[in-house]
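Colleague: For reference, the file structure.cif (mmCIF, C-alpha atoms and all ligand atoms) is included below:
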data_work
loop_
_atom_site.label_atom_id
_atom_site.label_comp_id
_atom_site.auth_asym_id
_atom_site.auth_seq_id
_atom_site.Cartn_x
_atom_site.Cartn_y
_atom_site.Cartn_z
CA MET A 1 -31.49 -31.38 -24.80
CA ASP A 2 -32.81 -30.93 -21.26
CA THR A 3 -31.03 -29.82 -18.08
CA LYS A 4 -30.06 -33.34 -17.15
CA GLY A 5 -28.69 -34.01 -20.64
CA PHE A 6 -26.40 -30.97 -20.52
CA ILE A 7 -25.19 -31.83 -17.03
CA ASP A 8 -24.47 -35.46 -17.98
CA LEU A 9 -22.56 -34.41 -21.08
CA GLU A 10 -20.43 -31.92 -19.16
CA ASP A 11 -19.77 -34.37 -16.35
CA ARG A 12 -18.80 -37.11 -18.78
CA HIS A 13 -16.43 -35.06 -20.96
CA GLY A 14 -15.31 -32.11 -18.86
CA ALA A 15 -12.62 -32.07 -16.18
CA HIS A 16 -14.16 -32.05 -12.70
CA ASN A 17 -12.34 -29.01 -11.35
CA TYR A 18 -15.57 -27.22 -10.28
CA HIS A 19 -18.68 -28.15 -8.31
CA PRO A 20 -21.32 -25.90 -9.87
CA LEU A 21 -24.94 -25.53 -8.87
CA ASP A 22 -26.99 -27.66 -11.24
CA VAL A 23 -28.51 -24.82 -13.23
CA VAL A 24 -27.76 -24.74 -16.95
CA ILE A 25 -27.87 -21.14 -18.10
CA HIS A 26 -28.77 -20.38 -21.67
CA ARG A 27 -29.06 -16.60 -21.83
CA ALA A 28 -28.87 -13.51 -19.65
CA GLU A 29 -29.77 -9.84 -19.50
CA GLY A 30 -28.85 -7.34 -16.78
CA VAL A 31 -29.15 -9.04 -13.39
CA TRP A 32 -31.26 -11.92 -14.73
CA VAL A 33 -30.13 -15.24 -16.18
CA TYR A 34 -32.39 -17.82 -17.84
CA ASP A 35 -31.87 -21.58 -17.82
CA VAL A 36 -32.48 -24.00 -20.68
CA ASP A 37 -36.08 -24.45 -19.50
CA GLY A 38 -36.67 -20.70 -19.56
CA LYS A 39 -36.76 -20.33 -15.75
CA LYS A 40 -35.26 -17.04 -14.61
CA TYR A 41 -32.91 -16.35 -11.74
CA LEU A 42 -31.43 -13.24 -10.14
CA ASP A 43 -27.66 -13.61 -10.46
CA CYS A 44 -26.11 -12.79 -7.10
CA LEU A 45 -22.60 -13.86 -8.04
CA ALA A 46 -22.10 -11.81 -11.22
CA ALA A 47 -19.41 -14.26 -12.38
CA TYR A 48 -17.28 -13.43 -9.33
CA SER A 49 -17.83 -9.70 -10.04
CA ALA A 50 -16.85 -9.86 -13.70
CA VAL A 51 -20.29 -8.69 -14.82
CA ASN A 52 -20.65 -5.60 -12.64
CA GLN A 53 -22.15 -3.83 -15.67
CA GLY A 54 -24.87 -6.49 -15.96
CA HIS A 55 -25.08 -9.39 -18.40
CA CYS A 56 -24.90 -8.63 -22.10
CA HIS A 57 -24.87 -4.87 -21.63
CA PRO A 58 -26.08 -3.56 -25.02
CA ARG A 59 -23.30 -0.97 -25.31
CA ILE A 60 -20.56 -3.49 -24.56
CA VAL A 61 -22.12 -6.05 -26.93
CA ALA A 62 -22.22 -3.41 -29.67
CA ALA A 63 -18.59 -2.46 -29.06
CA LEU A 64 -17.58 -6.12 -29.23
CA GLN A 65 -19.49 -6.73 -32.45
CA GLN A 66 -18.25 -3.56 -34.06
CA GLN A 67 -14.63 -4.20 -33.22
CA ALA A 68 -14.78 -7.94 -34.01
CA SER A 69 -15.79 -7.14 -37.56
CA THR A 70 -13.16 -4.40 -37.92
CA LEU A 71 -9.97 -5.70 -36.32
CA ALA A 72 -9.56 -8.33 -33.62
CA LEU A 73 -5.91 -9.26 -33.21
CA THR A 74 -2.62 -7.87 -34.46
CA SER A 75 -0.31 -9.10 -31.68
CA ARG A 76 1.98 -6.52 -30.14
CA ALA A 77 4.47 -7.00 -32.98
CA PHE A 78 2.43 -4.25 -34.65
CA ARG A 79 0.53 -1.35 -33.15
CA ASN A 80 -3.25 -1.05 -33.23
CA ASP A 81 -5.47 2.01 -32.97
CA ARG A 82 -7.37 0.87 -29.86
CA LEU A 83 -4.47 0.27 -27.48
CA GLY A 84 -3.37 3.88 -27.01
CA PRO A 85 -6.85 5.25 -26.26
CA TYR A 86 -7.48 2.34 -23.90
CA CYS A 87 -4.23 2.83 -21.94
CA ALA A 88 -4.92 6.56 -21.72
CA MET A 89 -8.41 5.90 -20.38
CA LEU A 90 -7.28 3.35 -17.81
CA SER A 91 -4.38 5.43 -16.57
CA ASP A 92 -6.74 8.40 -16.23
CA LEU A 93 -9.20 6.32 -14.26
CA THR A 94 -6.56 4.91 -11.91
CA GLY A 95 -4.32 7.95 -11.70
CA MET A 96 -1.44 5.64 -12.66
CA ASP A 97 1.23 6.46 -15.21
CA ARG A 98 1.30 3.27 -17.28
CA VAL A 99 -0.74 0.23 -18.24
CA LEU A 100 0.45 -3.28 -19.08
CA PRO A 101 -2.43 -5.19 -20.69
CA MET A 102 -2.96 -8.91 -20.11
CA ASN A 103 -5.94 -11.26 -20.38
CA THR A 104 -6.76 -13.17 -17.22
CA GLY A 105 -6.45 -11.98 -13.65
CA ALA A 106 -3.73 -14.48 -12.80
CA GLU A 107 -1.60 -13.20 -15.68
CA ALA A 108 -1.90 -9.65 -14.41
CA VAL A 109 -0.85 -10.85 -10.94
CA GLU A 110 2.15 -12.61 -12.51
CA THR A 111 2.96 -9.35 -14.28
CA ALA A 112 2.87 -7.47 -10.97
CA ILE A 113 5.18 -10.07 -9.41
CA LYS A 114 7.68 -9.71 -12.26
CA ALA A 115 7.54 -5.91 -12.10
CA ALA A 116 8.01 -5.92 -8.32
CA ARG A 117 10.99 -8.26 -8.45
CA LYS A 118 12.73 -6.41 -11.26
CA TRP A 119 12.09 -3.10 -9.50
CA GLY A 120 13.62 -4.67 -6.41
CA TYR A 121 16.83 -5.55 -8.27
CA THR A 122 17.21 -2.56 -10.57
CA VAL A 123 15.85 0.28 -8.42
CA LYS A 124 16.01 -0.81 -4.79
CA GLY A 125 19.29 -2.70 -5.24
CA ILE A 126 18.29 -6.07 -3.76
CA GLU A 127 20.89 -8.81 -4.27
CA LYS A 128 20.24 -10.95 -7.37
CA ASP A 129 17.54 -13.62 -7.03
CA THR A 130 16.82 -12.96 -3.34
CA ALA A 131 13.80 -10.62 -3.55
CA GLU A 132 10.84 -11.33 -1.28
CA ILE A 133 7.20 -10.42 -1.69
CA ILE A 134 4.88 -10.26 1.30
CA VAL A 135 1.44 -11.81 0.83
CA PHE A 136 -1.35 -12.77 3.25
CA ASP A 137 -3.00 -15.85 4.64
CA GLN A 138 -6.36 -16.66 3.02
CA ASN A 139 -5.24 -14.78 -0.09
CA PHE A 140 -6.62 -15.51 -3.52
CA HIS A 141 -4.65 -14.23 -6.48
CA GLY A 142 -5.31 -16.90 -9.11
CA ARG A 143 -4.34 -20.41 -10.12
CA THR A 144 -0.92 -20.45 -11.79
CA THR A 145 1.77 -22.60 -10.19
CA THR A 146 3.64 -19.57 -8.83
CA ILE A 147 0.47 -18.05 -7.37
CA VAL A 148 -0.91 -21.21 -5.75
CA GLY A 149 2.55 -21.68 -4.25
CA PHE A 150 1.81 -18.84 -1.81
CA SER A 151 -1.83 -19.78 -1.22
CA THR A 152 -2.74 -20.98 2.29
CA ASP A 153 -5.64 -23.05 1.03
CA PRO A 154 -4.46 -26.70 1.11
CA GLN A 155 -6.70 -27.73 -1.78
CA SER A 156 -5.25 -25.04 -4.05
CA ARG A 157 -1.71 -26.29 -3.36
CA ASP A 158 -1.75 -30.01 -2.66
CA GLY A 159 -0.32 -32.01 -5.51
CA PHE A 160 0.96 -29.01 -7.48
CA GLY A 161 4.43 -28.43 -6.02
CA PRO A 162 7.33 -27.75 -6.11
CA PHE A 163 6.63 -24.06 -5.75
CA THR A 164 8.36 -20.78 -6.58
CA PRO A 165 10.35 -19.37 -3.65
CA GLY A 166 10.44 -15.69 -2.67
CA PHE A 167 7.09 -15.20 -0.94
CA ARG A 168 6.46 -14.54 2.75
CA VAL A 169 2.92 -15.28 3.91
CA VAL A 170 1.81 -13.23 6.93
CA LYS A 171 -1.42 -12.86 8.88
CA TYR A 172 -4.00 -10.57 7.23
CA ASN A 173 -5.23 -7.56 9.20
CA ASP A 174 -2.18 -7.65 11.51
CA LEU A 175 0.22 -4.76 10.95
CA SER A 176 2.97 -6.10 13.18
CA ALA A 177 3.08 -9.32 11.11
CA VAL A 178 3.89 -7.23 8.03
CA ARG A 179 6.47 -5.18 9.91
CA GLU A 180 8.23 -8.29 11.21
CA ALA A 181 8.33 -9.93 7.78
CA MET A 182 9.91 -6.89 6.11
CA ASN A 183 13.64 -6.86 5.52
CA ASP A 184 16.14 -5.42 3.05
CA ARG A 185 15.16 -8.04 0.47
CA THR A 186 11.45 -7.13 0.53
CA CYS A 187 10.41 -5.61 -2.79
CA ALA A 188 6.62 -5.56 -2.47
CA VAL A 189 3.46 -6.25 -0.54
CA ILE A 190 0.65 -7.69 -2.67
CA ILE A 191 -2.68 -7.35 -0.93
CA GLU A 192 -6.41 -7.65 -1.53
CA PRO A 193 -8.04 -4.56 0.07
CA ILE A 194 -10.89 -6.91 0.97
CA GLN A 195 -10.26 -10.64 0.67
CA GLY A 196 -12.93 -11.89 -1.73
CA GLU A 197 -12.45 -15.62 -2.06
CA GLY A 198 -11.24 -15.64 1.55
CA GLY A 199 -14.88 -14.92 2.47
CA ILE A 200 -15.26 -11.14 2.01
CA ILE A 201 -12.85 -10.45 4.86
CA ILE A 202 -12.86 -6.71 5.58
CA PRO A 203 -9.77 -5.54 7.47
CA ASP A 204 -9.97 -3.07 10.37
CA GLU A 205 -10.29 0.58 9.52
CA GLY A 206 -6.86 2.12 9.03
CA TYR A 207 -5.09 -1.20 8.43
CA LEU A 208 -4.51 -0.68 4.71
CA ARG A 209 -3.26 2.84 5.30
CA ASP A 210 -0.88 1.57 7.98
CA VAL A 211 0.49 -1.09 5.62
CA TRP A 212 0.87 1.56 2.93
CA ASP A 213 2.70 3.90 5.35
CA LEU A 214 4.99 1.06 6.36
CA CYS A 215 5.73 0.31 2.70
CA ARG A 216 6.72 3.91 2.04
CA GLU A 217 8.86 4.02 5.14
CA ARG A 218 10.74 0.82 4.14
CA ASN A 219 10.92 1.49 0.38
CA VAL A 220 8.62 -1.42 -0.45
CA LEU A 221 6.04 -1.37 -3.25
CA PHE A 222 2.39 -1.45 -2.21
CA ILE A 223 0.45 -3.39 -4.84
CA ALA A 224 -3.33 -3.77 -4.56
CA ASP A 225 -5.05 -6.75 -6.17
CA GLU A 226 -8.34 -5.09 -7.13
CA ILE A 227 -9.41 -7.80 -9.56
CA GLN A 228 -12.55 -8.55 -7.55
CA SER A 229 -12.79 -5.56 -5.19
CA GLY A 230 -12.29 -2.95 -7.89
CA LEU A 231 -14.48 -1.31 -10.51
CA GLY A 232 -17.32 -0.31 -8.24
CA ARG A 233 -17.96 -3.47 -6.27
CA THR A 234 -17.39 -1.87 -2.85
CA GLY A 235 -18.99 1.50 -3.61
CA LYS A 236 -15.77 3.18 -4.75
CA MET A 237 -14.15 2.76 -8.14
CA PHE A 238 -11.31 0.98 -6.31
CA CYS A 239 -11.56 -0.39 -2.80
CA TYR A 240 -8.23 1.17 -1.71
CA GLN A 241 -9.84 4.61 -2.21
CA TRP A 242 -11.78 4.06 1.03
CA ASP A 243 -8.42 4.52 2.76
CA GLY A 244 -7.27 7.53 0.74
CA ILE A 245 -4.02 5.83 -0.22
CA GLU A 246 -2.03 5.74 -3.46
CA PRO A 247 -0.67 2.30 -4.35
CA ASP A 248 2.45 1.88 -6.47
CA GLY A 249 0.63 -0.65 -8.63
CA VAL A 250 -2.91 -1.94 -9.07
CA ILE A 251 -4.02 -5.24 -10.57
CA ILE A 252 -7.34 -5.14 -12.43
CA GLY A 253 -9.40 -7.79 -14.24
CA LYS A 254 -12.85 -9.33 -14.16
CA ALA A 255 -15.28 -6.39 -14.67
CA LEU A 256 -12.70 -4.60 -16.81
CA SER A 257 -14.53 -6.20 -19.75
CA GLY A 258 -18.01 -6.35 -18.23
CA GLY A 259 -17.89 -10.12 -18.58
CA MET A 260 -17.57 -10.03 -22.35
CA TYR A 261 -14.02 -11.19 -22.84
CA PRO A 262 -10.97 -11.87 -20.66
CA VAL A 263 -9.25 -8.51 -20.11
CA SER A 264 -6.83 -7.71 -17.29
CA ALA A 265 -4.14 -5.16 -16.61
CA PHE A 266 -1.36 -4.22 -14.28
CA VAL A 267 -1.22 -0.45 -13.89
CA ALA A 268 1.62 1.25 -12.08
CA ARG A 269 3.70 4.29 -11.42
CA GLU A 270 6.34 5.23 -13.96
CA GLU A 271 9.25 4.06 -11.81
CA VAL A 272 7.74 0.59 -11.47
CA MET A 273 6.59 0.04 -15.03
CA ASN A 274 9.80 1.36 -16.52
CA VAL A 275 11.63 -1.76 -15.38
CA PHE A 276 10.14 -3.50 -18.41
CA THR A 277 12.03 -3.16 -21.69
CA PRO A 278 11.06 -4.67 -25.07
CA GLY A 279 11.23 -8.46 -24.87
CA ASP A 280 10.99 -8.69 -21.06
CA HIS A 281 7.36 -9.68 -20.88
CA GLY A 282 4.31 -10.01 -23.08
CA SER A 283 1.23 -11.86 -24.24
CA THR A 284 -0.08 -12.73 -27.71
CA TYR A 285 -3.60 -11.57 -26.91
CA GLY A 286 -2.70 -8.92 -24.32
CA GLY A 287 -3.79 -5.47 -25.47
CA ASN A 288 -5.53 -6.74 -28.59
CA PRO A 289 -7.93 -4.30 -30.25
CA LEU A 290 -11.01 -6.35 -29.42
CA ALA A 291 -10.09 -6.44 -25.73
CA CYS A 292 -9.31 -2.71 -25.75
CA ALA A 293 -12.57 -1.77 -27.45
CA VAL A 294 -14.57 -3.90 -25.02
CA ALA A 295 -12.73 -2.52 -21.98
CA ILE A 296 -13.12 1.09 -23.13
CA GLU A 297 -16.88 0.57 -23.37
CA ALA A 298 -17.08 -1.41 -20.12
CA LEU A 299 -15.33 1.41 -18.24
CA ALA A 300 -17.50 4.04 -19.92
CA VAL A 301 -20.64 2.16 -18.87
CA LEU A 302 -19.39 1.95 -15.30
CA THR A 303 -18.94 5.71 -15.06
CA GLU A 304 -21.76 6.95 -17.30
CA ASP A 305 -24.37 4.62 -15.79
CA LYS A 306 -23.12 5.72 -12.33
CA LEU A 307 -22.72 2.12 -11.19
CA VAL A 308 -20.16 2.94 -8.51
CA GLU A 309 -22.63 5.39 -6.94
CA ARG A 310 -25.36 2.77 -7.17
CA SER A 311 -23.19 0.25 -5.35
CA ALA A 312 -22.46 2.84 -2.64
CA GLU A 313 -26.17 3.57 -2.25
CA LEU A 314 -27.78 0.15 -2.54
CA GLY A 315 -25.06 -1.80 -0.73
CA PRO A 316 -25.75 -0.37 2.75
CA TYR A 317 -29.49 -0.65 2.09
CA PHE A 318 -29.16 -4.34 1.19
CA LEU A 319 -26.91 -4.92 4.20
CA GLU A 320 -29.41 -3.33 6.55
CA ARG A 321 -32.24 -5.47 5.19
CA LEU A 322 -30.17 -8.64 5.58
CA ARG A 323 -29.17 -7.72 9.13
CA SER A 324 -32.85 -7.67 10.10
CA ILE A 325 -33.21 -11.36 9.24
CA ARG A 326 -33.85 -13.41 12.36
CA SER A 327 -32.29 -16.81 11.89
CA ASP A 328 -30.53 -19.02 14.41
CA ARG A 329 -27.99 -20.10 11.82
CA VAL A 330 -26.82 -16.62 10.71
CA LYS A 331 -23.67 -15.71 12.64
CA GLU A 332 -22.77 -12.46 10.92
CA VAL A 333 -23.73 -10.28 7.98
CA ARG A 334 -20.96 -8.01 6.71
CA GLY A 335 -20.19 -6.18 3.52
CA LYS A 336 -19.04 -3.11 1.67
CA GLY A 337 -20.98 -1.76 -1.28
CA LEU A 338 -22.81 -4.50 -3.14
CA TRP A 339 -20.46 -7.14 -1.76
CA ILE A 340 -22.06 -8.92 1.15
CA ALA A 341 -21.26 -12.06 3.13
CA VAL A 342 -23.90 -13.89 5.11
CA VAL A 343 -21.91 -16.09 7.47
CA LEU A 344 -23.69 -19.21 8.71
CA ASP A 345 -22.85 -21.56 11.54
CA ARG A 346 -22.98 -24.49 9.10
CA ALA A 347 -22.45 -25.38 5.43
CA ALA A 348 -24.27 -22.95 3.15
CA ARG A 349 -24.83 -25.30 0.22
CA THR A 350 -28.36 -26.34 1.27
CA ASP A 351 -29.46 -22.73 1.61
CA CYS A 352 -27.88 -21.89 -1.77
CA GLU A 353 -29.86 -24.78 -3.28
CA ALA A 354 -33.04 -23.46 -1.62
CA LEU A 355 -32.34 -19.97 -2.97
CA LYS A 356 -31.89 -21.47 -6.42
CA GLU A 357 -35.33 -23.05 -6.17
CA ARG A 358 -36.69 -19.58 -5.39
CA GLY A 359 -34.97 -18.06 -8.43
CA MET A 360 -31.85 -16.59 -6.90
CA LEU A 361 -28.31 -17.78 -7.67
CA CYS A 362 -25.69 -17.55 -4.93
CA LYS A 363 -22.53 -19.56 -4.58
CA GLU A 364 -21.21 -20.44 -1.18
CA THR A 365 -17.60 -19.66 -0.39
CA HIS A 366 -15.58 -21.28 2.39
CA GLU A 367 -18.41 -23.77 2.93
CA ASN A 368 -20.38 -21.62 5.36
CA ILE A 369 -20.57 -18.20 3.70
CA ILE A 370 -23.26 -17.07 1.27
CA ARG A 371 -21.64 -14.46 -0.90
CA ILE A 372 -23.91 -11.83 -2.42
CA ALA A 373 -22.48 -9.81 -5.29
CA PRO A 374 -25.12 -8.99 -7.89
CA PRO A 375 -24.40 -6.97 -11.03
CA LEU A 376 -24.27 -3.32 -9.99
CA VAL A 377 -27.19 -2.49 -12.32
CA ILE A 378 -29.54 -4.08 -9.78
CA THR A 379 -32.52 -1.88 -8.81
CA ARG A 380 -33.82 -1.13 -5.32
CA GLU A 381 -36.91 -3.27 -6.06
CA GLU A 382 -34.69 -6.18 -7.06
CA VAL A 383 -32.66 -5.75 -3.86
CA ASP A 384 -35.95 -5.89 -1.91
CA TRP A 385 -36.94 -9.05 -3.72
CA ALA A 386 -33.54 -10.68 -3.13
CA ALA A 387 -33.60 -9.75 0.57
CA GLU A 388 -37.05 -11.33 0.88
CA GLN A 389 -35.86 -14.59 -0.70
CA LEU A 390 -32.94 -14.71 1.70
CA ARG A 391 -35.26 -13.99 4.61
CA SER A 392 -37.65 -16.79 3.63
CA VAL A 393 -34.87 -19.31 3.18
CA LEU A 394 -32.89 -18.37 6.28
CA GLU A 395 -35.91 -18.01 8.56
CA THR A 396 -37.04 -21.50 7.53
CA PRO A 397 -35.55 -24.21 9.75
CA ALA A 398 -32.55 -25.70 7.93
CA ASP A 399 -34.02 -29.20 7.73
CA ASP A 400 -37.13 -27.91 5.94
CA ASN A 401 -35.03 -26.40 3.15
CA VAL A 402 -33.58 -29.69 1.93
C1 LIG B 1 -10.48 -13.83 -9.60
C2 LIG B 1 -9.29 -13.27 -8.95
C3 LIG B 1 -8.00 -13.46 -9.48
C4 LIG B 1 -7.74 -14.36 -10.68
O1 LIG B 1 -8.39 -13.95 -11.83
P1 LIG B 1 -8.56 -15.01 -13.05
O2 LIG B 1 -9.11 -14.17 -14.16
O3 LIG B 1 -9.51 -16.07 -12.58
O4 LIG B 1 -7.21 -15.54 -13.35
C5 LIG B 1 -6.94 -12.85 -8.86
N1 LIG B 1 -7.12 -12.08 -7.76
C6 LIG B 1 -8.33 -11.87 -7.22
C7 LIG B 1 -8.46 -11.00 -6.02
C8 LIG B 1 -9.46 -12.48 -7.77
O5 LIG B 1 -10.65 -12.32 -7.20
#
Just dump the structure as structure tokens.
Ligand SMILES: *Cc1c(COP(=O)(O)O)cnc(C)c1O
Modeller:
Amino acid sequence: MDTKGFIDLEDRHGAHNYHPLDVVIHRAEGVWVYDVDGKKYLDCLAAYSAVNQGHCHPRIVAALQQQASTLALTSRAFRNDRLGPYCAMLSDLTGMDRVLPMNTGAEAVETAIKAARKWGYTVKGIEKDTAEIIVFDQNFHGRTTTIVGFSTDPQSRDGFGPFTPGFRVVKYNDLSAVREAMNDRTCAVIIEPIQGEGGIIIPDEGYLRDVWDLCRERNVLFIADEIQSGLGRTGKMFCYQWDGIEPDGVIIGKALSGGMYPVSAFVAREEVMNVFTPGDHGSTYGGNPLACAVAIEALAVLTEDKLVERSAELGPYFLERLRSIRSDRVKEVRGKGLWIAVVLDRAARTDCEALKERGMLCKETHENIIRIAPPLVITREEVDWAAEQLRSVLETPADDNV
């Protein structure tokens, strides 16, 4: 079947809840993906930062294969010999006391919400069923009905109500907005250290620390959603480390499995996680041995291949190269680590299509932003190549790129 055949089949039988670029990928290796015609592309999305370790990393593939043929699923009704080592490794890495394993990012966010609320009632002493969680405009925390209920993106919400109460949405990067929203019923702040889907919005220096200070002062949990910003993307293992703060809980997903399998986790301090007792919360697949084995290897690759360091080194280099592009339609280039936004004064789709023709896959976000987030295994030469493609496309008049 050719490209058109695959696209027609998917469009005829699949739900239309995405608008993908029309490239049909067949295989991948490292930063490169290959379509059904064998044409290769540099992947500058990395599955929304789920494949920070690069596609089909041989060590992670081997761990998956090995574990799949040994033991894949027991459910948490029984113990398995991968869960303990995995929790130990993740709590070491995060400096957190305990790990609650889930599968998708949204589930880990839901877990954080449940933990925060129950902590609010049992530890802080908030009156039953009145707890509030502070979240931010332009947030993205996933797609469940509770989570989209506190989204500020109309398309994420419209048609899906009624929504769960108990969330206060305040302006991002505005400390006084957080202060004003806090009251005796506030149990937690859930925040993205950099808003990814919001368009790689980087708050002012000191903002996160100020929010964290405020949380400690008012006995409110500070929970960082590091699903996209974590695991090396910004040049630190976790983005909150740029601010030298210690959250009460951290939500992790995406690259936790190196793109091999859905693996997520909520990790937290003892006092927070201890609100859960047997039967309170769970997941059939959460913490299964296959997921644990894959995540152990994915984390080992991240540290042993020094991918966080690479992101810290190549990110600023990439940024500098992109800032030297002279194009009348580029309004701003910003980023942290290998997470870069090229903000245009118009819709970015045409330029993304032009980049695709040149062998580089980027997906626009918020219409006018080209997001660049390659696997962290990218080399300096590949960064040079990518920067040149962007230069050619963006320095060509928009109309000529159609
Ligand atoms: C992707 C993402 C999620 C949701 O993860 P899923 O695995 O798609 O459910 C939540 N929070 C942030 C910050 C994300 O980027």
Colleague: Considering all atoms listed in the file, can you say which of A:Glu382, A:Asp399, A:Asp328, A:Asp225 comes closest to ligand LIG 1 (chain B)?
Modeller: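 For ligand LIG 1 (chain B), the nearest of the candidates is A:Asp225.
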Colleague: Skip A:Cys44 itself and residues of its chain fewer than 6 positions away, then list as a list in words all residues within 10 Å of it, counting all atoms listed in the file.
Modeller: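 The residues satisfying every condition are Val31, Trp32, Leu338, Trp339, Ile340, Met360, Leu361, Cys362, Lys363, Ile370, Arg371, Ile372, Ala373, Pro374, Pro375, Ile378 and Ala386 of chain A.
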Colleague: What lies within 9 Å of A:Ile190 using all atoms listed in the file, ignoring chain neighbours under 5 positions off, as a list in words?
Modeller: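 Residues near the query, excluding close chain neighbours: Val109, Ala112, Ile113, Ile133, Ile134, Val135, Phe136, Leu221, Phe222, Ile223, Ala224 and Asp225 of chain A.
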Colleague: In Å, how far is it from atom CA of A:Phe163 to atom CA of A:Glu197?
Modeller: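 Distance reported for this atom pair: 21.2 Å.
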Colleague: Would you kindly return, as a ChimeraX atom specification, each protein, DNA or RNA residue with an atom no farther than 9 Å from any atom of A:Glu29, considering all atoms listed in the file and excluding same-chain residues fewer than 5 positions away?
Modeller: /A:34,54-57
Colleague: Pick out the closest residue to ligand LIG 1 (chain B) from this set: A:Asp43, A:Asp204, A:Asp22, A:Glu192. Count all atoms listed in the file.
Modeller: A:Glu192
Colleague: Would you pick out the contacts of A:Val377 at 8 Å or less, using all atoms listed in the file, so that residues sharing its chain but fewer than 4 positions from it are not included, and give the list as a PyMOL selection string?
Modeller: chain A and resi 30-31+52-54+307+310
Colleague: Enumerate, in order of chain and increasing residue number, the residues of chain A with an atom no farther than 10 Å from ligand LIG 1 (chain B), each with its shortest atom pair and distance in Å to one decimal, counting all atoms listed in the file, as a Markdown table.
Modeller:
| residue | atom | partner | partner_atom | distance |
| --- | --- | --- | --- | --- |
| A:Ala47 | CA | B:LIG1 | C1 | 9.4 |
| A:Tyr48 | CA | B:LIG1 | C1 | 6.8 |
| A:Ser49 | CA | B:LIG1 | O5 | 8.2 |
| A:Ala50 | CA | B:LIG1 | C1 | 8.6 |
| A:Asn103 | CA | B:LIG1 | O2 | 7.6 |
| A:Thr104 | CA | B:LIG1 | O2 | 4.0 |
| A:Gly105 | CA | B:LIG1 | O1 | 3.3 |
| A:Ala106 | CA | B:LIG1 | O4 | 3.7 |
| A:Glu107 | CA | B:LIG1 | O4 | 6.5 |
| A:Ala108 | CA | B:LIG1 | O4 | 8.0 |
| A:Val109 | CA | B:LIG1 | C5 | 6.7 |
| A:Glu110 | CA | B:LIG1 | C5 | 9.8 |
| A:Asn139 | CA | B:LIG1 | C7 | 7.7 |
| A:Phe140 | CA | B:LIG1 | C6 | 5.5 |
| A:His141 | CA | B:LIG1 | N1 | 3.5 |
| A:Gly142 | CA | B:LIG1 | C4 | 3.8 |
| A:Arg143 | CA | B:LIG1 | O4 | 6.5 |
| A:Thr144 | CA | B:LIG1 | O4 | 8.1 |
| A:Ile147 | CA | B:LIG1 | C5 | 9.2 |
| A:Ile191 | CA | B:LIG1 | C7 | 8.5 |
| A:Glu192 | CA | B:LIG1 | C7 | 6.0 |
| A:Pro193 | CA | B:LIG1 | C7 | 8.9 |
| A:Ile194 | CA | B:LIG1 | C7 | 8.5 |
| A:Gln195 | CA | B:LIG1 | C7 | 6.9 |
| A:Gly196 | CA | B:LIG1 | O5 | 5.9 |
| A:Glu197 | CA | B:LIG1 | O5 | 6.4 |
| A:Gly198 | CA | B:LIG1 | C7 | 9.3 |
| A:Ala224 | CA | B:LIG1 | C7 | 9.0 |
| A:Asp225 | CA | B:LIG1 | C7 | 5.5 |
| A:Glu226 | CA | B:LIG1 | C7 | 6.0 |
| A:Ile227 | CA | B:LIG1 | C6 | 4.8 |
| A:Gln228 | CA | B:LIG1 | O5 | 4.2 |
| A:Ser229 | CA | B:LIG1 | C7 | 7.0 |
| A:Gly230 | CA | B:LIG1 | C7 | 9.1 |
| A:Ile251 | CA | B:LIG1 | N1 | 8.0 |
| A:Ile252 | CA | B:LIG1 | N1 | 8.4 |
| A:Gly253 | CA | B:LIG1 | O2 | 6.4 |
| A:Lys254 | CA | B:LIG1 | O2 | 6.1 |
| A:Ala255 | CA | B:LIG1 | O2 | 9.9 |
| A:Pro262 | CA | B:LIG1 | O2 | 7.1 |
| A:Val263 | CA | B:LIG1 | O2 | 8.2 |
| A:Ser264 | CA | B:LIG1 | O2 | 7.5 |
Colleague: Show me, as a PDB file with C-alpha atoms, in the coordinates of the input, the residues that have an atom within 6 Å of A:Glu132 when counting all atoms listed in the file, minus same-chain residues fewer than 2 positions from it.
Modeller:
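The result, stored in around_3.pdb:
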ATOM      1  CA  GLY A 166      10.440 -15.690  -2.670  1.00  0.00           C
ATOM      2  CA  PHE A 167       7.090 -15.200  -0.940  1.00  0.00           C
ATOM      3  CA  ARG A 185      15.160  -8.040   0.470  1.00  0.00           C
ATOM      4  CA  THR A 186      11.450  -7.130   0.530  1.00  0.00           C
ATOM      5  CA  CYS A 187      10.410  -5.610  -2.790  1.00  0.00           C
TER       6      CYS A 187
END
Colleague: To one decimal in Å, tell me the separation between atom CA of A:Ser324 and atom CA of A:His366.
Modeller: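 Rounded to one decimal, the two atoms are 23.3 Å apart.
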Colleague: One decimal, Å: what's the distance from atom CA of A:Thr111 over to atom CA of A:Ala291, could you say?
Modeller: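 If I compute the distance from atom CA of A:Thr111 to atom CA of A:Ala291, I get 17.6 Å.
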Colleague: Given the choices A:Thr277, A:Glu357, A:Trp385, A:Thr234, which gets closest to A:Pro316 if the distance is worked out from all atoms listed in the file?
Modeller: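 For A:Pro316, the nearest of the given residues is A:Thr234.
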Colleague: Find the residues with any atom within 9 Å of (-25.3, -19.3, 10.1); use all atoms listed in the file and the coordinates as given in the file, and write the answer as a count of residues only.
Modeller: 16
Colleague: Rank nothing, just name the residue among A:Leu322, A:Val383, A:Met102, A:Ala312 nearest to A:Glu395, using all atoms listed in the file.
Modeller: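 For A:Glu395, the nearest of the given residues is A:Leu322.
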Colleague: From the list A:Lys114, A:Lys171, A:His26, A:Arg358, which residue is nearest A:Thr146 when using all atoms listed in the file?
Modeller: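 Smallest distance to A:Thr146 is found for A:Lys114.
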